[in-house]
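As stored in protein_38.cif (mmCIF, C-alpha atoms and all ligand atoms):
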```
data_query
#
loop_
_atom_site.label_atom_id
_atom_site.label_comp_id
_atom_site.auth_asym_id
_atom_site.auth_seq_id
_atom_site.Cartn_x
_atom_site.Cartn_y
_atom_site.Cartn_z
CA MET A 1 5.70 -0.02 -1.30
CA ASP A 2 4.72 -3.21 0.43
CA VAL A 3 2.21 -5.15 -1.69
CA LEU A 4 0.44 -8.27 -0.44
CA VAL A 5 -1.55 -10.28 -2.98
CA VAL A 6 -3.91 -12.57 -1.10
CA ASP A 7 -3.75 -15.48 -3.50
CA HIS A 8 -5.93 -17.94 -1.59
CA PRO A 9 -8.24 -20.43 -3.35
CA LEU A 10 -11.28 -19.02 -1.53
CA ALA A 11 -10.30 -15.46 -2.45
CA ARG A 12 -9.91 -16.46 -6.09
CA ALA A 13 -13.34 -18.07 -6.08
CA ARG A 14 -15.01 -14.91 -4.68
CA LEU A 15 -13.13 -12.73 -7.12
CA THR A 16 -14.27 -14.93 -10.00
CA THR A 17 -17.89 -14.50 -8.89
CA MET A 18 -17.31 -10.74 -8.85
CA ARG A 19 -15.72 -10.75 -12.30
CA ASP A 20 -18.55 -12.77 -13.88
CA ALA A 21 -20.85 -10.36 -15.75
CA ARG A 22 -23.80 -12.66 -15.00
CA THR A 23 -23.48 -12.14 -11.22
CA ASP A 24 -26.40 -10.01 -10.03
CA ASN A 25 -26.17 -7.15 -7.51
CA ALA A 26 -27.06 -9.30 -4.48
CA ALA A 27 -24.55 -12.04 -5.28
CA PHE A 28 -21.92 -9.41 -6.09
CA ARG A 29 -22.46 -7.76 -2.70
CA ALA A 30 -22.14 -11.12 -0.95
CA ALA A 31 -18.89 -11.92 -2.77
CA VAL A 32 -17.43 -8.50 -1.92
CA GLN A 33 -18.33 -9.02 1.73
CA GLU A 34 -16.76 -12.47 1.85
CA LEU A 35 -13.60 -11.34 0.06
CA THR A 36 -13.33 -8.37 2.43
CA VAL A 37 -13.13 -10.74 5.39
CA MET A 38 -10.17 -12.50 3.80
CA LEU A 39 -8.34 -9.31 2.84
CA VAL A 40 -8.80 -7.63 6.24
CA TYR A 41 -7.84 -10.85 8.03
CA GLU A 42 -4.54 -10.97 6.12
CA ALA A 43 -3.96 -7.23 6.43
CA MET A 44 -4.17 -7.49 10.24
CA ARG A 45 -1.82 -10.47 10.54
CA GLY A 46 1.07 -8.46 12.00
CA ALA A 47 -1.03 -6.13 14.17
CA PRO A 48 0.49 -5.42 17.59
CA LEU A 49 -1.25 -7.07 20.53
CA ALA A 50 -1.78 -6.15 24.15
CA GLU A 51 -1.92 -8.85 26.77
CA GLU A 52 -5.09 -9.29 28.74
CA ARG A 53 -5.63 -11.55 31.75
CA VAL A 54 -8.82 -13.55 31.62
CA HIS A 55 -10.45 -16.19 33.77
CA THR A 56 -11.73 -19.09 31.73
CA PRO A 57 -14.30 -21.34 33.42
CA VAL A 58 -11.30 -23.55 34.28
CA ALA A 59 -8.25 -21.40 34.96
CA ARG A 60 -6.61 -18.01 34.73
CA THR A 61 -4.67 -17.32 31.55
CA VAL A 62 -3.21 -14.53 29.47
CA GLY A 63 -5.01 -13.64 26.24
CA HIS A 64 -4.61 -10.85 23.72
CA ARG A 65 -6.48 -7.96 22.16
CA LEU A 66 -5.48 -5.50 19.46
CA ALA A 67 -3.19 -2.93 21.07
CA ASN A 68 -4.29 -0.17 18.71
CA PRO A 69 -7.44 -0.86 16.66
CA PRO A 70 -7.33 0.87 13.27
CA LEU A 71 -9.56 3.53 11.83
CA LEU A 72 -11.58 2.09 8.95
CA VAL A 73 -12.17 4.44 6.01
CA PRO A 74 -14.47 3.21 3.25
CA VAL A 75 -14.29 5.32 0.09
CA LEU A 76 -17.88 5.93 -1.04
CA ARG A 77 -19.68 4.56 -2.84
CA ALA A 78 -18.05 1.24 -3.58
CA GLY A 79 -16.05 1.05 -0.33
CA LEU A 80 -19.32 0.94 1.61
CA GLY A 81 -19.72 -2.61 0.30
CA MET A 82 -16.68 -3.58 2.40
CA ALA A 83 -17.36 -1.50 5.53
CA ASP A 84 -19.69 -3.70 7.58
CA GLN A 85 -17.65 -6.86 7.19
CA ALA A 86 -14.41 -5.09 8.09
CA HIS A 87 -16.16 -3.64 11.14
CA LYS A 88 -17.42 -7.07 12.20
CA LEU A 89 -13.86 -8.41 12.12
CA ILE A 90 -12.55 -5.43 14.10
CA PRO A 91 -15.44 -4.36 16.33
CA ASP A 92 -13.24 -1.94 18.30
CA ALA A 93 -12.42 0.03 15.15
CA GLN A 94 -13.79 3.51 14.54
CA MET A 95 -14.94 4.46 11.08
CA GLY A 96 -14.39 7.58 8.98
CA PHE A 97 -15.82 8.25 5.53
CA VAL A 98 -14.57 9.78 2.30
CA GLY A 99 -16.84 10.30 -0.71
CA LEU A 100 -15.23 10.54 -4.15
CA ALA A 101 -16.61 10.27 -7.66
CA ARG A 102 -14.21 9.75 -10.51
CA ASP A 103 -14.82 12.09 -13.43
CA GLU A 104 -15.50 9.82 -16.40
CA GLU A 105 -13.60 12.08 -18.83
CA THR A 106 -10.56 13.21 -16.85
CA LEU A 107 -10.47 10.20 -14.46
CA GLN A 108 -9.72 12.67 -11.65
CA PRO A 109 -11.42 12.11 -8.26
CA THR A 110 -14.01 14.73 -7.28
CA PRO A 111 -14.56 14.87 -3.50
CA TYR A 112 -18.11 15.23 -2.14
CA MET A 113 -17.77 14.06 1.44
CA GLU A 114 -15.17 13.89 4.15
CA SER A 115 -15.80 12.76 7.71
CA LEU A 116 -12.52 11.97 9.45
CA PRO A 117 -11.04 12.46 12.93
CA THR A 118 -8.81 15.55 13.01
CA ASP A 119 -5.81 13.83 14.60
CA LEU A 120 -4.61 10.51 13.21
CA ALA A 121 -1.08 10.54 14.64
CA GLY A 122 -0.21 7.07 15.88
CA ARG A 123 -3.36 5.49 14.48
CA PRO A 124 -3.25 2.77 11.87
CA VAL A 125 -5.77 3.27 9.07
CA LEU A 126 -7.36 0.74 6.72
CA VAL A 127 -8.77 2.36 3.56
CA LEU A 128 -11.46 0.23 1.94
CA ASP A 129 -12.14 0.50 -1.79
CA PRO A 130 -12.77 -2.48 -4.11
CA MET A 131 -10.91 -0.90 -7.03
CA LEU A 132 -7.48 0.64 -7.48
CA ALA A 133 -7.52 1.79 -11.12
CA THR A 134 -5.41 4.90 -11.88
CA GLY A 135 -4.76 5.21 -8.15
CA GLY A 136 -6.02 8.81 -8.10
CA SER A 137 -8.86 8.16 -5.64
CA MET A 138 -6.66 6.19 -3.26
CA ALA A 139 -3.84 8.73 -3.36
CA TYR A 140 -6.35 11.55 -2.71
CA THR A 141 -7.74 9.66 0.28
CA ILE A 142 -4.32 8.82 1.72
CA LYS A 143 -3.30 12.47 1.40
CA LEU A 144 -6.33 13.45 3.51
CA LEU A 145 -5.14 10.94 6.12
CA THR A 146 -1.47 11.96 6.12
CA ASP A 147 -2.52 15.63 6.39
CA ARG A 148 -4.04 14.56 9.74
CA GLY A 149 -0.85 12.86 10.87
CA ALA A 150 -1.41 9.27 9.73
CA THR A 151 1.80 7.39 8.94
CA ASP A 152 0.53 3.80 8.86
CA VAL A 153 -2.01 3.35 6.07
CA THR A 154 -3.13 0.11 4.42
CA ALA A 155 -5.17 0.20 1.21
CA ILE A 156 -7.49 -2.79 0.96
CA CYS A 157 -8.65 -3.32 -2.62
CA ALA A 158 -10.28 -6.35 -4.19
CA LEU A 159 -8.55 -5.57 -7.47
CA ALA A 160 -5.70 -3.39 -8.61
CA ALA A 161 -4.29 -2.27 -11.96
CA PRO A 162 -0.50 -2.18 -12.36
CA GLU A 163 -0.86 1.51 -13.28
CA GLY A 164 -2.51 2.26 -9.92
CA VAL A 165 0.11 0.30 -7.99
CA LYS A 166 2.86 2.27 -9.73
CA PHE A 167 1.05 5.57 -9.11
CA LEU A 168 0.90 4.84 -5.38
CA GLU A 169 4.52 3.71 -5.34
CA ASP A 170 5.66 6.88 -7.10
CA SER A 171 3.56 9.08 -4.81
CA GLY A 172 5.86 8.30 -1.89
CA LEU A 173 2.83 8.16 0.41
CA PRO A 174 3.17 5.84 3.42
CA VAL A 175 0.88 3.06 2.22
CA ARG A 176 0.83 -0.71 2.03
CA LEU A 177 -1.48 -2.45 -0.45
CA VAL A 178 -3.46 -5.62 0.25
CA THR A 179 -5.36 -6.96 -2.77
CA ALA A 180 -6.67 -10.20 -4.21
CA SER A 181 -5.29 -9.52 -7.70
CA ILE A 182 -3.13 -7.22 -9.77
CA ASP A 183 -4.79 -7.40 -13.17
CA GLU A 184 -3.32 -6.84 -16.64
CA ARG A 185 -3.86 -3.15 -17.36
CA LEU A 186 -6.22 -0.19 -17.61
CA ASN A 187 -8.16 0.39 -20.82
CA ASP A 188 -8.64 3.79 -22.49
CA SER A 189 -11.74 4.47 -20.37
CA GLY A 190 -9.84 3.84 -17.14
CA PHE A 191 -11.42 0.45 -16.46
CA ILE A 192 -9.33 -2.42 -15.12
CA VAL A 193 -8.86 -5.26 -17.65
CA PRO A 194 -10.08 -7.94 -17.21
CA GLY A 195 -11.45 -6.39 -14.00
CA LEU A 196 -15.09 -6.61 -13.01
CA GLY A 197 -16.65 -3.47 -14.45
CA ASP A 198 -17.77 -0.64 -12.16
CA ALA A 199 -17.82 -1.93 -8.57
CA GLY A 200 -20.17 0.81 -7.33
CA ASP A 201 -22.72 0.05 -10.04
CA ARG A 202 -22.46 -3.69 -9.48
CA LEU A 203 -22.99 -3.26 -5.73
CA TYR A 204 -25.72 -0.63 -5.77
CA GLY A 205 -26.95 -0.19 -9.34
CA ALA A 206 -25.97 2.37 -11.98
CA VAL A 207 -26.50 6.05 -11.14
C1 LIG B 1 -14.37 3.84 -8.52
C2 LIG B 1 -13.76 2.92 -7.47
C3 LIG B 1 -12.64 3.76 -6.90
C4 LIG B 1 -12.21 4.56 -8.10
C5 LIG B 1 -10.98 3.91 -8.66
O1 LIG B 1 -15.27 4.69 -7.92
O2 LIG B 1 -14.64 2.48 -6.49
O3 LIG B 1 -13.07 4.63 -5.87
O4 LIG B 1 -13.26 4.53 -9.06
O5 LIG B 1 -10.47 4.64 -9.71
P1 LIG B 1 -9.09 5.39 -9.67
O6 LIG B 1 -8.08 4.47 -9.04
O7 LIG B 1 -8.81 5.62 -11.13
O8 LIG B 1 -9.23 6.67 -8.93
P2 LIG B 1 -16.22 5.71 -8.71
O9 LIG B 1 -15.55 7.03 -8.85
O10 LIG B 1 -16.69 5.05 -9.97
O11 LIG B 1 -17.39 5.96 -7.70
P3 LIG B 1 -18.45 4.96 -7.03
O12 LIG B 1 -17.70 4.18 -5.99
O13 LIG B 1 -19.44 5.90 -6.45
O14 LIG B 1 -19.03 4.08 -8.11
#
```
Can the structure from this file be put into structure tokens for me?
Ligand code: PRP
Amino acid sequence: MDVLVVDHPLARARLTTMRDARTDNAAFRAAVQELTVMLVYEAMRGAPLAEERVHTPVARTVGHRLANPPLLVPVLRAGLGMADQAHKLIPDAQMGFVGLARDEETLQPTPYMESLPTDLAGRPVLVLDPMLATGGSMAYTIKLLTDRGATDVTAICALAAPEGVKFLEDSGLPVRLVTASIDERLNDSGFIVPGLGDAGDRLYGAV
């Protein structure tokens, strides 16, 4: 599996704000949004372009647009914190939604929402979720996408655990990972260490 760690000084600074337990919900949301811009920007670096002729105020020239804008898929809840910024960077993108809650005991993802186009053949997909912990939620989501014909999926996660990276690798699913950090490990409760706690709670409050 292709893994890109966006190890940029500005990304590290945002991630540090997110990790800091003193960061309140509003500042956490802002840091997630800013980091999302950096991750999506890097994830789209190799995207195919289509030429487009334009007239500047001075001359005619050839410019470019994305040949095939991706489908964005935030994984609710926490992925919603990344959705608007990703959409601002790629305004032509469409958006689908997947809702999953991880069972605190079994750590298995429980689906509660799914709103996706039926045919994803030939469409690149960016899945947005701040956390890749065991990898169960991401693998579940990617399976929904590949069942609809997707073959080009990029997981965009602020943070990943080595266990989740390995789980995705072993799954054989067609996915590339773009993240700001691969942390040390998962603890017994399935939290990333050192991590940042529960991204959904830190974005939106505990439920
Ligand atoms: C968190 C996180 C991921 C998932 C990661 O969501 O946002 O979706 O857990 O864990 P995994 O890799 O072990 O599957 P959670 O289920 O807590 O829901 P929330 O986004 O509503 O807070």
- [ ] Grab me every residue within 7 Å of ligand LIG 1 (chain B), counting all atoms listed in the file, and send it over as a ChimeraX atom specification.
- [x] /A:75-79,100-103,107-109,129-138,164,190,198-201
TODO: Pick out the closest residue to Phe191 in chain A from this set: A:Leu203, A:Ala43, A:Ala161, A:Val32. Count all atoms listed in the file.
DONE: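 Of A:Leu203, A:Ala43, A:Ala161, A:Val32, the one nearest Phe191 in chain A, counting all atoms listed in the file, is A:Ala161.
Here CA of Thr16 in chain A stands at a distance of 14.9 Å from CA of Cys157 in chain A.
Closest approach to Val6 in chain A among A:Asp119, A:Glu42, A:Ala93, A:Met18 is made by A:Glu42 (distances from all atoms listed in the file).
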Task: From A:Asp7, A:Glu52, A:Glu114, A:Glu105, residue lying nearest Leu145 in chain A [only C-alpha atoms] - done: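 Selected residue with least distance to Leu145 in chain A: A:Glu114.
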Open item on the list: Can you measure CA of Ile192 in chain A to CA of Arg19 in chain A for me? One decimal in Å is fine.
Closed with: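 Going from CA of Ile192 in chain A over to CA of Arg19 in chain A, I get 10.9 Å.
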Open item on the list: Excluding Asn25 in chain A and its own-chain neighbours fewer than 3 positions away, which residues fall within 9 Å of it when counting only C-alpha atoms? Please give them as a list in words.
Closed with: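 Counting only the stated atoms, we get Phe28, Arg29, Ala30, Asp201, Arg202, Leu203, Tyr204 and Gly205 of chain A.
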Hey, can you spit out that residue selection with C-alpha atoms as a JSON list (two decimals), in the coordinates of the input?
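Saved as out12.json:
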```json
[["chain", "number", "residue", "atom", "x", "y", "z"],
["A", 28, "PHE", "CA", -21.92, -9.41, -6.09],
["A", 29, "ARG", "CA", -22.46, -7.76, -2.70],
["A", 30, "ALA", "CA", -22.14, -11.12, -0.95],
["A", 201, "ASP", "CA", -22.72, 0.05, -10.04],
["A", 202, "ARG", "CA", -22.46, -3.69, -9.48],
["A", 203, "LEU", "CA", -22.99, -3.26, -5.73],
["A", 204, "TYR", "CA", -25.72, -0.63, -5.77],
["A", 205, "GLY", "CA", -26.95, -0.19, -9.34]]
```
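The residue set within 9 Å of Ala180 in chain A, counting all atoms listed in the file and dropping same-chain residues fewer than 6 places from it, reads Leu4, Val5, Val6, Asp7, His8, Ala11, Arg12, Leu15, Leu35, Leu39, Cys157, Ala158, Leu159 and Ala160 of chain A.
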Within 8 Å of Ala27 in chain A using only C-alpha atoms, minus same-chain residues under 4 positions, as a PDB file with C-alpha atoms, in the coordinates of the input:
```pdb
ATOM      1  CA  THR A  17     -17.890 -14.500  -8.890  1.00  0.00           C
ATOM      2  CA  THR A  23     -23.480 -12.140 -11.220  1.00  0.00           C
ATOM      3  CA  ALA A  31     -18.890 -11.920  -2.770  1.00  0.00           C
TER       4      ALA A  31
END
```
TODO: Could you tell me how far CA of Gly122 in chain A lies from CA of Val37 in chain A, in Å and to one decimal?
DONE: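 Taking CA of Gly122 in chain A and CA of Val37 in chain A, their separation equals 24.4 Å.
Proximity of A:Val193, A:Val178, A:Ala26, A:Val3 to Met44 in chain A, computed with all atoms listed in the file, is greatest for A:Val178.
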Open item on the list: Just checking: using all atoms listed in the file, which residue out of A:Gly195, A:Asp2, A:Pro74, A:Leu116 ends up closest to Leu168 in chain A?
Closed with: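 Among the listed residues, the smallest separation from Leu168 in chain A belongs to A:Asp2.
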Task: Within 12 Å of Pro69 in chain A using all atoms listed in the file, minus same-chain residues under 5 positions, as a PyMOL selection string - done: chain A and resi 44+47-50+86-87+89-95+122-126
Suppose we keep C-alpha atoms; can you now write the selection as a tab-separated table (two decimals), in the frame of the given file?
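result-v6.tsv, written as the output of this step:
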```
chain	number	residue	atom	x	y	z
A	44	MET	CA	-4.17	-7.49	10.24
A	47	ALA	CA	-1.03	-6.13	14.17
A	48	PRO	CA	0.49	-5.42	17.59
A	49	LEU	CA	-1.25	-7.07	20.53
A	50	ALA	CA	-1.78	-6.15	24.15
A	86	ALA	CA	-14.41	-5.09	8.09
A	87	HIS	CA	-16.16	-3.64	11.14
A	89	LEU	CA	-13.86	-8.41	12.12
A	90	ILE	CA	-12.55	-5.43	14.10
A	91	PRO	CA	-15.44	-4.36	16.33
A	92	ASP	CA	-13.24	-1.94	18.30
A	93	ALA	CA	-12.42	0.03	15.15
A	94	GLN	CA	-13.79	3.51	14.54
A	95	MET	CA	-14.94	4.46	11.08
A	122	GLY	CA	-0.21	7.07	15.88
A	123	ARG	CA	-3.36	5.49	14.48
A	124	PRO	CA	-3.25	2.77	11.87
A	125	VAL	CA	-5.77	3.27	9.07
A	126	LEU	CA	-7.36	0.74	6.72
```
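Of the listed residues (A:Arg45, A:Ser171, A:Glu51, A:Thr106), A:Thr106 comes nearest to Asp188 in chain A; the distances count only C-alpha atoms.
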Task: Long-range neighbours of Leu173 in chain A as JSON, numbers by chain, 8 Å cut-off, all atoms listed in the file, 5 positions minimum in chain - done: {"A": [139, 142, 143, 168]}
Could I get range 41-65 of chain A rebuilt with N, CA and C atoms, written as a PDB file, in the frame of the given file?
```pdb
ATOM      1  N   TYR A  41      -8.479  -9.833   7.188  1.00  0.00           N
ATOM      2  CA  TYR A  41      -7.840 -10.850   8.030  1.00  0.00           C
ATOM      3  C   TYR A  41      -6.339 -10.885   7.747  1.00  0.00           C
ATOM      4  N   GLU A  42      -5.966 -10.926   6.472  1.00  0.00           N
ATOM      5  CA  GLU A  42      -4.540 -10.970   6.120  1.00  0.00           C
ATOM      6  C   GLU A  42      -3.856  -9.639   6.416  1.00  0.00           C
ATOM      7  N   ALA A  43      -4.560  -8.547   6.191  1.00  0.00           N
ATOM      8  CA  ALA A  43      -3.960  -7.230   6.430  1.00  0.00           C
ATOM      9  C   ALA A  43      -3.610  -7.041   7.908  1.00  0.00           C
ATOM     10  N   MET A  44      -4.362  -7.686   8.794  1.00  0.00           N
ATOM     11  CA  MET A  44      -4.170  -7.490  10.240  1.00  0.00           C
ATOM     12  C   MET A  44      -3.223  -8.518  10.843  1.00  0.00           C
ATOM     13  N   ARG A  45      -2.631  -9.358  10.019  1.00  0.00           N
ATOM     14  CA  ARG A  45      -1.820 -10.470  10.540  1.00  0.00           C
ATOM     15  C   ARG A  45      -0.722  -9.998  11.487  1.00  0.00           C
ATOM     16  N   GLY A  46      -0.067  -8.916  11.172  1.00  0.00           N
ATOM     17  CA  GLY A  46       1.070  -8.460  12.000  1.00  0.00           C
ATOM     18  C   GLY A  46       0.688  -7.407  13.025  1.00  0.00           C
ATOM     19  N   ALA A  47      -0.598  -7.227  13.275  1.00  0.00           N
ATOM     20  CA  ALA A  47      -1.030  -6.130  14.170  1.00  0.00           C
ATOM     21  C   ALA A  47      -0.516  -6.352  15.587  1.00  0.00           C
ATOM     22  N   PRO A  48      -0.014  -5.284  16.224  1.00  0.00           N
ATOM     23  CA  PRO A  48       0.490  -5.420  17.590  1.00  0.00           C
ATOM     24  C   PRO A  48      -0.636  -5.786  18.567  1.00  0.00           C
ATOM     25  N   LEU A  49      -0.275  -6.588  19.561  1.00  0.00           N
ATOM     26  CA  LEU A  49      -1.250  -7.070  20.530  1.00  0.00           C
ATOM     27  C   LEU A  49      -0.926  -6.543  21.921  1.00  0.00           C
ATOM     28  N   ALA A  50      -1.956  -6.443  22.721  1.00  0.00           N
ATOM     29  CA  ALA A  50      -1.780  -6.150  24.150  1.00  0.00           C
ATOM     30  C   ALA A  50      -2.259  -7.368  24.923  1.00  0.00           C
ATOM     31  N   GLU A  51      -1.513  -7.693  25.961  1.00  0.00           N
ATOM     32  CA  GLU A  51      -1.920  -8.850  26.770  1.00  0.00           C
ATOM     33  C   GLU A  51      -3.114  -8.503  27.630  1.00  0.00           C
ATOM     34  N   GLU A  52      -3.930  -9.496  27.870  1.00  0.00           N
ATOM     35  CA  GLU A  52      -5.090  -9.290  28.740  1.00  0.00           C
ATOM     36  C   GLU A  52      -5.312 -10.561  29.565  1.00  0.00           C
ATOM     37  N   ARG A  53      -5.399 -10.381  30.881  1.00  0.00           N
ATOM     38  CA  ARG A  53      -5.630 -11.550  31.750  1.00  0.00           C
ATOM     39  C   ARG A  53      -7.114 -11.877  31.736  1.00  0.00           C
ATOM     40  N   VAL A  54      -7.418 -13.133  31.573  1.00  0.00           N
ATOM     41  CA  VAL A  54      -8.820 -13.550  31.620  1.00  0.00           C
ATOM     42  C   VAL A  54      -8.946 -14.807  32.488  1.00  0.00           C
ATOM     43  N   HIS A  55     -10.128 -14.963  33.049  1.00  0.00           N
ATOM     44  CA  HIS A  55     -10.450 -16.190  33.770  1.00  0.00           C
ATOM     45  C   HIS A  55     -11.312 -17.030  32.848  1.00  0.00           C
ATOM     46  N   THR A  56     -10.843 -18.170  32.458  1.00  0.00           N
ATOM     47  CA  THR A  56     -11.730 -19.090  31.730  1.00  0.00           C
ATOM     48  C   THR A  56     -12.588 -19.790  32.796  1.00  0.00           C
ATOM     49  N   PRO A  57     -13.542 -20.578  32.420  1.00  0.00           N
ATOM     50  CA  PRO A  57     -14.300 -21.340  33.420  1.00  0.00           C
ATOM     51  C   PRO A  57     -13.398 -22.313  34.193  1.00  0.00           C
ATOM     52  N   VAL A  58     -12.178 -22.530  33.691  1.00  0.00           N
ATOM     53  CA  VAL A  58     -11.300 -23.550  34.280  1.00  0.00           C
ATOM     54  C   VAL A  58     -10.098 -22.959  34.996  1.00  0.00           C
ATOM     55  N   ALA A  59      -9.518 -21.907  34.420  1.00  0.00           N
ATOM     56  CA  ALA A  59      -8.250 -21.400  34.960  1.00  0.00           C
ATOM     57  C   ALA A  59      -8.053 -19.948  34.551  1.00  0.00           C
ATOM     58  N   ARG A  60      -7.013 -19.338  35.179  1.00  0.00           N
ATOM     59  CA  ARG A  60      -6.610 -18.010  34.730  1.00  0.00           C
ATOM     60  C   ARG A  60      -5.602 -18.170  33.596  1.00  0.00           C
ATOM     61  N   THR A  61      -5.658 -17.253  32.641  1.00  0.00           N
ATOM     62  CA  THR A  61      -4.670 -17.320  31.550  1.00  0.00           C
ATOM     63  C   THR A  61      -4.450 -15.912  31.000  1.00  0.00           C
ATOM     64  N   VAL A  62      -3.492 -15.818  30.115  1.00  0.00           N
ATOM     65  CA  VAL A  62      -3.210 -14.530  29.470  1.00  0.00           C
ATOM     66  C   VAL A  62      -3.665 -14.616  28.022  1.00  0.00           C
ATOM     67  N   GLY A  63      -4.556 -13.712  27.621  1.00  0.00           N
ATOM     68  CA  GLY A  63      -5.010 -13.640  26.240  1.00  0.00           C
ATOM     69  C   GLY A  63      -4.506 -12.355  25.601  1.00  0.00           C
ATOM     70  N   HIS A  64      -5.072 -12.039  24.461  1.00  0.00           N
ATOM     71  CA  HIS A  64      -4.610 -10.850  23.720  1.00  0.00           C
ATOM     72  C   HIS A  64      -5.765 -10.102  23.084  1.00  0.00           C
ATOM     73  N   ARG A  65      -5.574  -8.811  22.960  1.00  0.00           N
ATOM     74  CA  ARG A  65      -6.480  -7.960  22.160  1.00  0.00           C
ATOM     75  C   ARG A  65      -5.620  -7.059  21.287  1.00  0.00           C
TER      76      ARG A  65
END
```
